[in-house]
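K.L.:
Pasting a structure here, questions to come.
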Protein chains: 2
Amino acid sequence: MTKHFQHDLDNLRRDTLALASSVEEAIYGAIQALQARNIALAQQVISGDDAIDSLENQVGNECLKILALHQPVASDLRMIATALMINTDLERMGDLAVAICERAIVLVGGPTIEVPIKLQRMTDSTTNMVRQALDSFSHLDVRLAERVCQLDDEVDRYNAEIIQELVETMRLKPELIEPALSLFSATRHLERIADHATNIAENVIYLVDGEIVRHRHNLIEKRCS
Amino acid sequence: MTKHFQHDLDNLRRDTLALASSVEEAIYGAIQALQARNIALAQQVISGDDAIDSLENQVGNECLKILALHQPVASDLRMIATALMINTDLERMGDLAVAICERAIVLVGGPTIEVPIKLQRMTDSTTNMVRQALDSFSHLDVRLAERVCQLDDEVDRYNAEIIQELVETMRLKPELIEPALSLFSATRHLERIADHATNIAENVIYLVDGEIVRHRHNLIEKRCS
């Protein structure tokens with residue numbers, strides 16, 4: 001590997017991690033805005049999405065530049081393809097954080113509804129997944145990537161429990177149906193963020209092992225057990 | 001361009017269109033299962049997703065193979081990067097069709113709820129978007145890609161109207177809150193399928209013009225007006 005290629009790869013890894021860190025912050029901010037009925041914070045996260053999008057474009061262009069300049073093959077080629085896919089997942093997580101903020105703003109305009117306490121725990125598990133998925137990419141750590149898949153089950157459990165709680169609220173207090181629907185959407189957005197973290201972990205396993213584990217949930221379960 | 005390269009590109013285009021056609025069929029099947037409370041059809045779409053996933057893996061591998069063997073640059077490189085991204089969007093649409101089927105199966109287990117009539121129109125607009133987005137890729141037709149962006153507004157309008165209808169149902173018939181939530185989720189899944197079609201159209205504009213229009217909604221609106 002030439003020095004120039006190594007340098008471009010290092011930059012790519014650094015920018016990917018910077019993107020991940022902005023996305024993680026956006027997710028935390030979005031949930032905080034939702035819980036605290038804080039419109040200013042929600043708007044801050046929404047306007048911060050432009051920077052996330054620019055960074056995504058930059059990382060995408062870096063990948064194309066590396067492909068064109070260094071024409072990598074084998075595991076180096078897989079590394080760039082993985083970085084491209086991780087980049088897309090991160091950008092979508094940013095969009096989902098924006099979607100949560102939009103729900104937060106709608107919530108402020110309506111009657112007060114209690115935000116399920118488990119949403120904070122679900123958020124902690126989700127941002128944990130995002131961080132560990134990126135760590136697994138950064139250190140090419142397959143074991144860590146496999147742990148991320150396991151964490152997704154925890155997020156799914158919180159998701160189901162929160163939705164059950166919201167259904168109860170709608171049933172007992174029909175005047176809260178609309179705000180409960182906003183919380184329902186926000187919860188689903190968070191669950192999808194966790195799914196994107198799982199995608200990243202699966203891509204890391206593919207990168208290291210050359211084995212496509214996406215869509216092979218039996219295999220993942222086996223590997224993760 | 002060598003004959004071998006051209007041959008690989010033709011195969012890639014053909015397989016991408018085959019994937020798109022399977023995905024379109026899955027979307028129609030999912031909505032039909034939802035409307036007709038047809039568990040068998042829902043299960044058929046769900047089990048058909050394995051074939052979609054295999055095709056996605058195959059197209060992804062073809063892209064990597066072309067990058068490794070032919071080391072394309074400039075517009076050819078953009079074409080492969082675009083095919084990779086379109087591939088991901090199509091696979092996610094397939095997952096969303098599965099998610100709609102899961103809602104269809106849950107619905108059959110609960111009390112009967114009327115499926116909003118506009119859901120069929122929203123489905124027609126959405127599959128129209130998918131078809132036109134892929135046509136725009138196939139013929140590198142930027143004007144058609146721009147029309148896809150406009151169609152997304154129509155889908156968003158149907159989405160808002162259907163959700164309003166479901167909120168009314170929940171309010172008037174609290175015993176229908178859970179099935180209405182299933183329809184709410186299914187509608188949101190369909191709306192996200194349309195968003196993926198928009199992503200594809202934006203990628204085609206990027207491919208042809210070398211201009212990244214993702215995230216630049218003002219630009220898209222300008223271009224589409």
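Just remember, in the structure tokens the first chain shown is A, the second B, etc., residues are 1-based per chain, and ligands are 1-based in the order shown.
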Residues of chain B near chain A: apply a cut-off of 8 Å, count only C-alpha atoms, and supply the list as a PyMOL selection string.
P.N.:
chain B and resi 50+53+57+64+67-68+71-74+77-78+81+167+170-171+174-175+177-178+212+215
K.L.:
So that I can check the surroundings of B:Arg147, please list as a count of residues only every protein, DNA and RNA residue that reaches within 9 Å of it, counting only C-alpha atoms and ignoring chain neighbours fewer than 2 positions away.
P.N.:
13
K.L.:
Using Å and a single decimal, report how far atom CA of B:Asp141 sits from atom CA of B:Asp209.
P.N.:
10.6 Å
K.L.:
Set the distance at 8 Å and use only C-alpha atoms: which residues neighbour stretch 106-111 of chain A once local chain neighbours fewer than 4 positions away are removed? I'd like the list as a PDB file with C-alpha atoms, in the first residue's frame.
P.N.:
ATOM      1  CA  LEU A  34     -38.780  15.639  22.784  1.00  0.00           C
ATOM      2  CA  ARG A  37     -40.566  20.126  24.978  1.00  0.00           C
ATOM      3  CA  ASN A  38     -37.651  22.274  23.833  1.00  0.00           C
ATOM      4  CA  ILE A  39     -38.370  23.805  20.409  1.00  0.00           C
ATOM      5  CA  GLU A 102     -40.226  17.428  13.848  1.00  0.00           C
ATOM      6  CA  LEU A 176     -54.136  12.491  23.751  1.00  0.00           C
ATOM      7  CA  PRO A 179     -49.584  13.542  20.750  1.00  0.00           C
ATOM      8  CA  SER A 182     -46.225  11.670  17.592  1.00  0.00           C
TER       9      SER A 182
END
K.L.:
Skip A:Ser47 itself and residues of its chain fewer than 6 positions away, then list as number ranges by chain all residues within 12 Å of it, counting only C-alpha atoms.
P.N.:
A: 26, 30, 40-41, 53, 94-95, 97-98, 101-102
K.L.:
Got a sec: who's within 12 Å of B:Arg157, counting only C-alpha atoms, leaving out chain neighbours fewer than 3 positions off, as a list in words?
P.N.:
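In the requested format, the answer is Lys118, Leu119, Arg121, Met122, Ser125, Gln150, Leu151, Asp152, Asp153, Glu154, Ala160, Glu161, Ile162, Ile163, Gln164, Thr187 and Glu191 of chain B.
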K.L.:
For A:Met1, which of A:Asn159, A:Thr82, A:Ser75, A:Thr127 is the closest residue, counting only C-alpha atoms?
P.N.:
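Result for the nearest residue to A:Met1: A:Ser75.
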K.L.:
Using atom CA of B:Arg103 and atom CA of A:His189 as the two end points, give the distance in Å to one decimal.
P.N.:
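Interatomic distance, atom CA of B:Arg103 to atom CA of A:His189: 16.8 Å.
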